[in-house]
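**Student:** Provided herewith is a single structure, encoded as structure tokens, for subsequent inquiry.
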Amino acid sequence: MTEHQDRMAALFDSVADTYDAVGVDLFQPVAGGLVRALEPQQGERALDVGCGRGAVLIRLAEAVTSTGAVTGIDLSERMVGSTAADAAKAGLSWVDVIVGDAMAPAVPQSSFDLVASSLVLFFLPDPLEALRAWREVLVDGGRVGVSTFGPYDEQWREHVDATLAAFRPPETKDARTAGAQAPFASDEGMEQLLADAGFRDVRTVTSSISPRFDDAAHWQRWSMSVGQRQFWDAIPEHRRREVEELSFAAVERCRKDDGRLGFDQEIRYTLGRR
């Protein structure tokens with residue numbers, strides 16, 4: 001694996017046990033929106049690229065039923081092991097979860113009816129080449145759907161994300177920061193990216209989510225349970241308390257009028273067809 005892949009695998013290995021499991025509603029509603037947009041049918045064969053802990057994978061499996069088949073790939077061995085165990089426990093015998101590279105899925109070409117990838121594309125070193133590789137595993141007329149971050153709470157961006165950015169080491173990659181850059185900065189940019197990869201009938205669907213936290217400490221627990229953990233792991237121990245105090249104060253400044261703490265986030269679903 002490349003250095004970037006090693007770093008990403010280690011990061012998501014480290015959060016596999018707590019990922020999407022600290023009482024914050026983000027990945028599940030995003031996954032639900034993507035699966036609804038793709039409209040999987042009974043008997044279809046689906047590939048979930050960067051399946052993580054299975055938010056999309058399980059929904060796909062339930063939709064295609066045992067007459068279909070679902071394959072999930074992820075770079076993290078611990079994510080794969082935990083998700084495979086969850087699928088087996090749920091009796092989803094038509095689900096296969098394997099360790100794999102999102103840039104070059106090791107699956108047969110022209111073997112899937114749909115490809116889904118949720119909040120993954122902006123982590124990849126070459127999103128266009130990844131999409132081209134995903135196109136090759138689809139049958140003619142097969143569908144692709146990816147979720148990325150759209151606009152979000154300006155107050156959260158100005159206070160929390162700006163505070164974190166001041167301390168973030170250059171080698172770390174924040175999903176929303178990367179997601180605010182071209183081509184991820186607009187519907188048109190994402191649609192052009194899929195078109196450049198060879199997809200047709202490209203379109204965008206959007207939805208909104210509103211993650212909420214009990215307090216700043218809860219936000220930090222959530223932050224440590226997702227990809228943002230790389231930020232905390234990179235902070236030198238002698239600066240940890242300083243960064244925590246500043247970031248906690250920034251989070252508290254974003255408390256809503258109703259007392260709730262969190263942000264409002266638009267989610268973009270970009271869809272296409274081979």
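If you're wondering about the labels, chains in the structure tokens are A, B, ... by order shown, residues count from 1 in each chain, ligands from 1 in order shown.
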Using only C-alpha atoms, which residues sit within 9 Å of A:Asp25 once same-chain residues fewer than 5 positions away are excluded, as an NGL selection string?
**Tutor:** :A and (20 or 209-212)
**Student:** With only C-alpha atoms counted and 12 Å as the cut-off, give the residues of stretch 177-267 of chain A in contact with stretch 49-61 of chain A, each with its shortest interatomic distance in Å and the pair that gives it, as CSV.
**Tutor:**
```
residue,atom,partner,partner_atom,distance
A:Ser225,CA,A:Arg53,CA,11.8
A:Val226,CA,A:Gly52,CA,10.4
A:Gly227,CA,A:Gly52,CA,10.9
```
**Student:** With the cut-off set at 7 Å and counting only C-alpha atoms, tabulate each residue of stretch 104-195 of chain A with an atom at most that distance from an atom of stretch 243-251 of chain A, showing the nearest atom pair and its distance in Å to one decimal, ordered by chain and increasing number, as a tab-separated table.
**Tutor:**
```
residue	atom	partner	partner_atom	distance
A:His159	CA	A:Ala250	CA	5.2
A:Val160	CA	A:Ala250	CA	5.1
A:Thr163	CA	A:Ser247	CA	6.2
A:Leu164	CA	A:Ser247	CA	6.9
```
**Student:** Set out as CSV a contact list for stretch 75-118 of chain A and stretch 127-134 of chain A with a cut-off of 10 Å, giving each residue of stretch 75-118 of chain A that qualifies its closest atom pair and distance in Å to one decimal, counting only C-alpha atoms, ordered by chain and rising residue number.
**Tutor:**
```
residue,atom,partner,partner_atom,distance
A:Asp101,CA,A:Ala130,CA,9.6
A:Ala102,CA,A:Ala130,CA,6.8
A:Met103,CA,A:Ala130,CA,4.6
A:Ala104,CA,A:Ala133,CA,6.1
A:Pro105,CA,A:Ala133,CA,7.4
A:Val107,CA,A:Trp134,CA,9.9
A:Gln109,CA,A:Trp134,CA,8.9
A:Ser110,CA,A:Trp134,CA,9.7
A:Phe112,CA,A:Trp134,CA,9.7
A:Leu114,CA,A:Trp134,CA,9.5
A:Val115,CA,A:Trp134,CA,7.0
A:Ala116,CA,A:Trp134,CA,9.4
A:Ser117,CA,A:Trp134,CA,9.9
```
**Student:** At what distance in Å, to one decimal, does atom CA of A:Thr204 lie from atom CA of A:Tyr269?
**Tutor:**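 These atoms are spaced 5.6 Å apart.
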**Student:** Tell me, which residues of stretch 19-174 of chain A carry DSSP helix (DSSP H, G or I), written as a PyMOL selection string?
**Tutor:** chain A and resi 27-38+55-64+77-89+121-123+127-136+154-167
**Student:** Record the distance separating atom CA of A:Thr270 and atom CA of A:Leu138, expressed in Å with one decimal.
**Tutor:** 16.3 Å
**Student:** Env of A:Cys254: 7 Å cut, atoms = only C-alpha atoms, seq-sep filter 4 positions within chain, self excluded. Answer as an NGL selection string.
**Tutor:** :A and (155-156 or 250 or 261-262)
**Student:** Generate a file of the selected residues that holds N, CA and C atoms, formatted as a compact mmCIF listing (two decimals), in the first residue's frame.
**Tutor:**
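The resulting file, result.txt, is reproduced below:
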```
# COMPACT_ATOMS: atom_id res chain seq x y z
N GLN A 155 -21.92 29.36 11.09
CA GLN A 155 -21.41 29.61 12.44
C GLN A 155 -20.44 28.52 12.86
N TRP A 156 -20.77 27.27 12.57
CA TRP A 156 -19.89 26.15 12.91
C TRP A 156 -18.58 26.26 12.12
N ALA A 250 -15.25 27.10 21.23
CA ALA A 250 -15.80 27.34 19.89
C ALA A 250 -17.10 26.57 19.69
N LEU A 261 -27.00 21.87 20.62
CA LEU A 261 -25.64 22.11 20.19
C LEU A 261 -25.35 21.26 18.95
N GLY A 262 -24.90 21.89 17.88
CA GLY A 262 -24.59 21.12 16.68
C GLY A 262 -24.58 21.99 15.45
```
**Student:** For A:Gln265, find every residue with an atom within 10 Å (counting only C-alpha atoms), except residues of its own chain fewer than 4 positions away, and show them as a list in words.
**Tutor:**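 Those residues are Leu26, Phe149, Gly150, Pro151, Tyr152, Asp153, Glu154, Ser207, Ser208, Ile209, Ser210 and Pro211 of chain A.
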**Student:** Please indicate the distance in Å from atom CA of A:Ser111 to atom CA of A:Arg268, rounded to one decimal place.
**Tutor:** 26.3 Å
**Student:** Any idea what's packed within 12 Å of A:Ala195, counting only C-alpha atoms, ignoring anything in its chain fewer than 2 positions away? Could you give it as a list in words?
**Tutor:**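 Skipping anything fewer than 2 positions along the chain leaves Leu128, Leu131, Arg132, Arg135, Val144, Pro183, Glu188, Gly189, Met190, Glu191, Gln192, Leu193, Ala197, Gly198, Phe199, Arg200, Asp201, Val202, Arg203, Thr270, Leu271, Gly272, Arg273 and Arg274 of chain A.
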**Student:** Would you save the residues from that selection as a CSV table (one decimal), in the first residue's frame, using N, CA, C and O atoms?
**Tutor:**
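Result went into out19.csv, see below:
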```
chain,number,residue,atom,x,y,z
A,128,LEU,N,-11.3,11.1,-9.8
A,128,LEU,CA,-11.7,10.9,-11.2
A,128,LEU,C,-11.3,9.4,-11.6
A,128,LEU,O,-12.1,8.7,-12.2
A,131,LEU,N,-13.6,6.9,-9.9
A,131,LEU,CA,-14.9,6.8,-10.6
A,131,LEU,C,-14.8,6.0,-11.9
A,131,LEU,O,-15.7,5.3,-12.2
A,132,ARG,N,-13.7,6.2,-12.6
A,132,ARG,CA,-13.6,5.4,-13.9
A,132,ARG,C,-13.4,4.0,-13.6
A,132,ARG,O,-14.0,3.1,-14.3
A,135,ARG,N,-16.9,2.6,-12.7
A,135,ARG,CA,-17.7,2.5,-13.9
A,135,ARG,C,-17.4,1.2,-14.6
A,135,ARG,O,-18.3,0.5,-15.1
A,144,VAL,N,-24.5,4.5,-10.5
A,144,VAL,CA,-23.6,4.9,-9.4
A,144,VAL,C,-24.2,6.0,-8.6
A,144,VAL,O,-25.0,6.8,-9.1
A,183,PRO,N,-13.6,19.5,-7.1
A,183,PRO,CA,-15.0,19.6,-7.6
A,183,PRO,C,-16.1,19.4,-6.6
A,183,PRO,O,-17.3,19.4,-7.0
A,188,GLU,N,-22.7,21.3,-9.6
A,188,GLU,CA,-22.2,21.3,-11.0
A,188,GLU,C,-20.8,20.7,-11.0
A,188,GLU,O,-20.5,19.9,-12.0
A,189,GLY,N,-19.9,20.9,-10.0
A,189,GLY,CA,-18.6,20.3,-10.0
A,189,GLY,C,-18.7,18.8,-9.9
A,189,GLY,O,-17.9,18.1,-10.6
A,190,MET,N,-19.5,18.3,-9.0
A,190,MET,CA,-19.7,16.9,-8.9
A,190,MET,C,-20.3,16.2,-10.1
A,190,MET,O,-19.8,15.2,-10.5
A,191,GLU,N,-21.2,16.9,-10.7
A,191,GLU,CA,-21.9,16.3,-11.9
A,191,GLU,C,-20.8,16.3,-13.0
A,191,GLU,O,-20.8,15.3,-13.8
A,192,GLN,N,-20.0,17.3,-13.1
A,192,GLN,CA,-19.0,17.3,-14.2
A,192,GLN,C,-17.9,16.2,-13.9
A,192,GLN,O,-17.4,15.5,-14.8
A,193,LEU,N,-17.6,15.9,-12.6
A,193,LEU,CA,-16.7,14.9,-12.3
A,193,LEU,C,-17.2,13.5,-12.7
A,193,LEU,O,-16.4,12.7,-13.4
A,197,ALA,N,-15.9,11.1,-15.9
A,197,ALA,CA,-15.5,9.6,-15.7
A,197,ALA,C,-16.3,8.7,-16.7
A,197,ALA,O,-16.1,7.5,-16.7
A,198,GLY,N,-17.2,9.3,-17.5
A,198,GLY,CA,-17.9,8.5,-18.5
A,198,GLY,C,-19.3,8.2,-18.2
A,198,GLY,O,-20.0,7.5,-18.9
A,199,PHE,N,-19.8,8.7,-17.0
A,199,PHE,CA,-21.2,8.4,-16.7
A,199,PHE,C,-22.2,9.4,-17.4
A,199,PHE,O,-21.8,10.5,-17.8
A,200,ARG,N,-23.4,8.9,-17.7
A,200,ARG,CA,-24.4,9.7,-18.3
A,200,ARG,C,-25.6,9.8,-17.4
A,200,ARG,O,-25.7,9.2,-16.3
A,201,ASP,N,-26.6,10.6,-17.9
A,201,ASP,CA,-27.8,10.9,-17.1
A,201,ASP,C,-27.4,11.3,-15.6
A,201,ASP,O,-28.0,10.9,-14.7
A,202,VAL,N,-26.4,12.2,-15.5
A,202,VAL,CA,-25.9,12.6,-14.2
A,202,VAL,C,-26.9,13.6,-13.6
A,202,VAL,O,-27.3,14.5,-14.3
A,203,ARG,N,-27.2,13.4,-12.4
A,203,ARG,CA,-28.1,14.4,-11.7
A,203,ARG,C,-27.7,14.5,-10.2
A,203,ARG,O,-26.9,13.7,-9.7
A,270,THR,N,-24.8,12.5,-5.8
A,270,THR,CA,-24.6,12.7,-7.2
A,270,THR,C,-24.8,11.3,-7.8
A,270,THR,O,-24.1,10.3,-7.4
A,271,LEU,N,-25.6,11.2,-8.8
A,271,LEU,CA,-26.0,9.9,-9.4
A,271,LEU,C,-25.8,9.9,-10.9
A,271,LEU,O,-25.8,10.9,-11.6
A,272,GLY,N,-25.4,8.7,-11.4
A,272,GLY,CA,-25.2,8.6,-12.8
A,272,GLY,C,-25.4,7.2,-13.3
A,272,GLY,O,-25.7,6.3,-12.5
A,273,ARG,N,-25.3,7.0,-14.6
A,273,ARG,CA,-25.5,5.7,-15.2
A,273,ARG,C,-24.4,5.3,-16.2
A,273,ARG,O,-24.0,6.2,-16.9
A,274,ARG,N,-24.0,4.1,-16.2
A,274,ARG,CA,-23.0,3.7,-17.2
A,274,ARG,C,-23.7,3.6,-18.6
A,274,ARG,O,-24.7,3.0,-18.7
```
**Student:** Where in stretch 62-213 of chain A does DSSP assign strand (DSSP E or B), given as an mmCIF file with N, CA, C and O atoms, in the first residue's frame?
**Tutor:**
```
data_model
loop_
_atom_site.group_PDB
_atom_site.id
_atom_site.type_symbol
_atom_site.label_atom_id
_atom_site.label_comp_id
_atom_site.auth_asym_id
_atom_site.auth_seq_id
_atom_site.Cartn_x
_atom_site.Cartn_y
_atom_site.Cartn_z
ATOM 1 N N ALA A 69 -27.176 -9.754 -4.362
ATOM 2 C CA ALA A 69 -25.879 -9.931 -3.717
ATOM 3 C C ALA A 69 -25.265 -8.558 -3.463
ATOM 4 O O ALA A 69 -25.431 -7.646 -4.275
ATOM 5 N N VAL A 70 -24.585 -8.428 -2.333
ATOM 6 C CA VAL A 70 -23.937 -7.167 -1.982
ATOM 7 C C VAL A 70 -22.501 -7.451 -1.567
ATOM 8 O O VAL A 70 -22.241 -8.345 -0.763
ATOM 9 N N THR A 71 -21.589 -6.668 -2.125
ATOM 10 C CA THR A 71 -20.181 -6.736 -1.741
ATOM 11 C C THR A 71 -19.764 -5.395 -1.170
ATOM 12 O O THR A 71 -20.040 -4.347 -1.755
ATOM 13 N N GLY A 72 -19.117 -5.415 -0.022
ATOM 14 C CA GLY A 72 -18.562 -4.210 0.567
ATOM 15 C C GLY A 72 -17.051 -4.302 0.588
ATOM 16 O O GLY A 72 -16.498 -5.364 0.881
ATOM 17 N N ILE A 73 -16.387 -3.205 0.247
ATOM 18 C CA ILE A 73 -14.929 -3.180 0.340
ATOM 19 C C ILE A 73 -14.505 -1.995 1.191
ATOM 20 O O ILE A 73 -15.137 -0.939 1.170
ATOM 21 N N ASP A 74 -13.443 -2.194 1.949
ATOM 22 C CA ASP A 74 -12.906 -1.117 2.772
ATOM 23 C C ASP A 74 -11.430 -1.390 2.997
ATOM 24 O O ASP A 74 -10.996 -2.551 3.041
ATOM 25 N N VAL A 95 -24.282 -11.195 1.651
ATOM 26 C CA VAL A 95 -23.343 -10.071 1.807
ATOM 27 C C VAL A 95 -21.924 -10.614 1.953
ATOM 28 O O VAL A 95 -21.673 -11.544 2.715
ATOM 29 N N ASP A 96 -21.009 -10.003 1.205
ATOM 30 C CA ASP A 96 -19.591 -10.332 1.288
ATOM 31 C C ASP A 96 -18.832 -9.040 1.577
ATOM 32 O O ASP A 96 -19.051 -8.036 0.900
ATOM 33 N N VAL A 97 -17.975 -9.043 2.584
ATOM 34 C CA VAL A 97 -17.219 -7.853 2.955
ATOM 35 C C VAL A 97 -15.732 -8.193 2.882
ATOM 36 O O VAL A 97 -15.273 -9.140 3.515
ATOM 37 N N ILE A 98 -14.992 -7.406 2.091
ATOM 38 C CA ILE A 98 -13.590 -7.724 1.849
ATOM 39 C C ILE A 98 -12.712 -6.487 2.020
ATOM 40 O O ILE A 98 -13.176 -5.360 1.883
ATOM 41 N N VAL A 99 -11.442 -6.716 2.338
ATOM 42 C CA VAL A 99 -10.466 -5.635 2.380
ATOM 43 C C VAL A 99 -10.103 -5.277 0.944
ATOM 44 O O VAL A 99 -9.786 -6.157 0.135
ATOM 45 N N PHE A 112 -21.746 -5.682 -11.577
ATOM 46 C CA PHE A 112 -22.660 -5.077 -10.600
ATOM 47 C C PHE A 112 -23.706 -4.210 -11.292
ATOM 48 O O PHE A 112 -23.440 -3.580 -12.319
ATOM 49 N N ASP A 113 -24.886 -4.178 -10.684
ATOM 50 C CA ASP A 113 -25.965 -3.326 -11.177
ATOM 51 C C ASP A 113 -25.872 -1.921 -10.607
ATOM 52 O O ASP A 113 -26.372 -0.973 -11.215
ATOM 53 N N LEU A 114 -25.258 -1.792 -9.436
ATOM 54 C CA LEU A 114 -25.090 -0.460 -8.859
ATOM 55 C C LEU A 114 -23.853 -0.413 -7.975
ATOM 56 O O LEU A 114 -23.445 -1.416 -7.392
ATOM 57 N N VAL A 115 -23.277 0.774 -7.908
ATOM 58 C CA VAL A 115 -22.142 1.064 -7.032
ATOM 59 C C VAL A 115 -22.526 2.241 -6.144
ATOM 60 O O VAL A 115 -22.995 3.267 -6.643
ATOM 61 N N ALA A 116 -22.343 2.081 -4.841
ATOM 62 C CA ALA A 116 -22.619 3.141 -3.879
ATOM 63 C C ALA A 116 -21.344 3.471 -3.122
ATOM 64 O O ALA A 116 -20.518 2.589 -2.854
ATOM 65 N N SER A 117 -21.179 4.743 -2.784
ATOM 66 C CA SER A 117 -20.025 5.145 -1.975
ATOM 67 C C SER A 117 -20.413 6.387 -1.182
ATOM 68 O O SER A 117 -20.705 7.436 -1.758
ATOM 69 N N SER A 118 -20.401 6.264 0.131
ATOM 70 C CA SER A 118 -20.895 7.339 0.986
ATOM 71 C C SER A 118 -19.766 8.021 1.742
ATOM 72 O O SER A 118 -19.059 7.389 2.545
ATOM 73 N N LEU A 138 -19.475 -1.880 -13.427
ATOM 74 C CA LEU A 138 -20.913 -1.844 -13.665
ATOM 75 C C LEU A 138 -21.277 -2.488 -14.994
ATOM 76 O O LEU A 138 -20.527 -2.403 -15.972
ATOM 77 N N VAL A 139 -22.451 -3.087 -15.030
ATOM 78 C CA VAL A 139 -23.006 -3.543 -16.302
ATOM 79 C C VAL A 139 -23.481 -2.324 -17.078
ATOM 80 O O VAL A 139 -23.635 -1.224 -16.521
ATOM 81 N N ASP A 140 -23.715 -2.480 -18.368
ATOM 82 C CA ASP A 140 -24.284 -1.385 -19.154
ATOM 83 C C ASP A 140 -25.626 -0.982 -18.554
ATOM 84 O O ASP A 140 -26.481 -1.839 -18.288
ATOM 85 N N GLY A 141 -25.787 0.303 -18.331
ATOM 86 C CA GLY A 141 -27.010 0.786 -17.698
ATOM 87 C C GLY A 141 -26.958 0.770 -16.179
ATOM 88 O O GLY A 141 -27.892 1.236 -15.524
ATOM 89 N N GLY A 142 -25.865 0.227 -15.611
ATOM 90 C CA GLY A 142 -25.716 0.190 -14.164
ATOM 91 C C GLY A 142 -25.607 1.584 -13.568
ATOM 92 O O GLY A 142 -25.230 2.540 -14.239
ATOM 93 N N ARG A 143 -25.921 1.701 -12.274
ATOM 94 C CA ARG A 143 -26.044 3.005 -11.627
ATOM 95 C C ARG A 143 -24.934 3.219 -10.602
ATOM 96 O O ARG A 143 -24.503 2.269 -9.937
ATOM 97 N N VAL A 144 -24.523 4.476 -10.465
ATOM 98 C CA VAL A 144 -23.578 4.866 -9.437
ATOM 99 C C VAL A 144 -24.198 5.976 -8.602
ATOM 100 O O VAL A 144 -24.965 6.805 -9.122
ATOM 101 N N GLY A 145 -23.891 5.985 -7.315
ATOM 102 C CA GLY A 145 -24.344 7.056 -6.443
ATOM 103 C C GLY A 145 -23.294 7.333 -5.385
ATOM 104 O O GLY A 145 -22.790 6.401 -4.746
ATOM 105 N N VAL A 146 -22.939 8.606 -5.228
ATOM 106 C CA VAL A 146 -21.958 8.984 -4.213
ATOM 107 C C VAL A 146 -22.530 10.115 -3.364
ATOM 108 O O VAL A 146 -23.254 10.981 -3.872
ATOM 109 N N SER A 147 -22.219 10.099 -2.086
ATOM 110 C CA SER A 147 -22.628 11.200 -1.214
ATOM 111 C C SER A 147 -21.406 12.022 -0.846
ATOM 112 O O SER A 147 -20.321 11.480 -0.596
ATOM 113 N N THR A 148 -21.583 13.334 -0.828
ATOM 114 C CA THR A 148 -20.537 14.265 -0.407
ATOM 115 C C THR A 148 -21.200 15.375 0.402
ATOM 116 O O THR A 148 -22.427 15.489 0.441
ATOM 117 N N PHE A 149 -20.380 16.196 1.041
ATOM 118 C CA PHE A 149 -20.910 17.283 1.858
ATOM 119 C C PHE A 149 -21.217 18.511 1.007
ATOM 120 O O PHE A 149 -20.410 18.929 0.181
ATOM 121 N N GLY A 150 -22.399 19.079 1.226
ATOM 122 C CA GLY A 150 -22.757 20.349 0.622
ATOM 123 C C GLY A 150 -22.531 21.476 1.623
ATOM 124 O O GLY A 150 -21.758 21.339 2.574
ATOM 125 N N PRO A 151 -23.185 22.624 1.437
ATOM 126 C CA PRO A 151 -23.044 23.738 2.374
ATOM 127 C C PRO A 151 -23.468 23.336 3.782
ATOM 128 O O PRO A 151 -24.311 22.454 3.962
ATOM 129 N N TYR A 152 -22.880 23.979 4.780
ATOM 130 C CA TYR A 152 -23.253 23.689 6.158
ATOM 131 C C TYR A 152 -23.212 24.957 6.993
ATOM 132 O O TYR A 152 -22.878 26.039 6.507
ATOM 133 N N ARG A 200 -23.368 8.874 -17.671
ATOM 134 C CA ARG A 200 -24.396 9.657 -18.344
ATOM 135 C C ARG A 200 -25.604 9.824 -17.417
ATOM 136 O O ARG A 200 -25.653 9.234 -16.344
ATOM 137 N N ASP A 201 -26.560 10.619 -17.862
ATOM 138 C CA ASP A 201 -27.768 10.883 -17.069
ATOM 139 C C ASP A 201 -27.409 11.322 -15.649
ATOM 140 O O ASP A 201 -28.047 10.915 -14.666
ATOM 141 N N VAL A 202 -26.394 12.164 -15.539
ATOM 142 C CA VAL A 202 -25.908 12.576 -14.223
ATOM 143 C C VAL A 202 -26.858 13.610 -13.618
ATOM 144 O O VAL A 202 -27.307 14.532 -14.300
ATOM 145 N N ARG A 203 -27.151 13.448 -12.352
ATOM 146 C CA ARG A 203 -28.062 14.372 -11.680
ATOM 147 C C ARG A 203 -27.713 14.450 -10.197
ATOM 148 O O ARG A 203 -26.926 13.651 -9.681
ATOM 149 N N THR A 204 -28.322 15.419 -9.515
ATOM 150 C CA THR A 204 -28.048 15.658 -8.099
ATOM 151 C C THR A 204 -29.341 15.632 -7.298
ATOM 152 O O THR A 204 -30.360 16.176 -7.722
ATOM 153 N N VAL A 205 -29.279 15.002 -6.148
ATOM 154 C CA VAL A 205 -30.355 15.025 -5.162
ATOM 155 C C VAL A 205 -29.735 15.521 -3.857
ATOM 156 O O VAL A 205 -28.593 15.176 -3.544
ATOM 157 N N THR A 206 -30.448 16.346 -3.109
ATOM 158 C CA THR A 206 -29.906 16.845 -1.848
ATOM 159 C C THR A 206 -30.865 16.567 -0.688
ATOM 160 O O THR A 206 -32.069 16.390 -0.882
ATOM 161 N N SER A 207 -30.291 16.530 0.501
ATOM 162 C CA SER A 207 -31.076 16.441 1.726
ATOM 163 C C SER A 207 -30.303 17.172 2.816
ATOM 164 O O SER A 207 -29.165 17.594 2.609
ATOM 165 N N SER A 208 -30.900 17.322 3.973
ATOM 166 C CA SER A 208 -30.248 18.003 5.082
ATOM 167 C C SER A 208 -30.271 17.136 6.332
ATOM 168 O O SER A 208 -31.236 16.393 6.568
ATOM 169 N N ILE A 209 -29.204 17.217 7.116
ATOM 170 C CA ILE A 209 -29.147 16.530 8.396
ATOM 171 C C ILE A 209 -28.741 17.547 9.460
ATOM 172 O O ILE A 209 -28.174 18.595 9.144
ATOM 173 N N ARG A 212 -26.583 16.594 16.468
ATOM 174 C CA ARG A 212 -26.624 17.347 17.719
ATOM 175 C C ARG A 212 -25.798 16.616 18.783
ATOM 176 O O ARG A 212 -25.688 15.396 18.775
ATOM 177 N N PHE A 213 -25.246 17.412 19.711
ATOM 178 C CA PHE A 213 -24.379 16.890 20.761
ATOM 179 C C PHE A 213 -24.911 17.329 22.121
ATOM 180 O O PHE A 213 -25.479 18.415 22.250
#
```
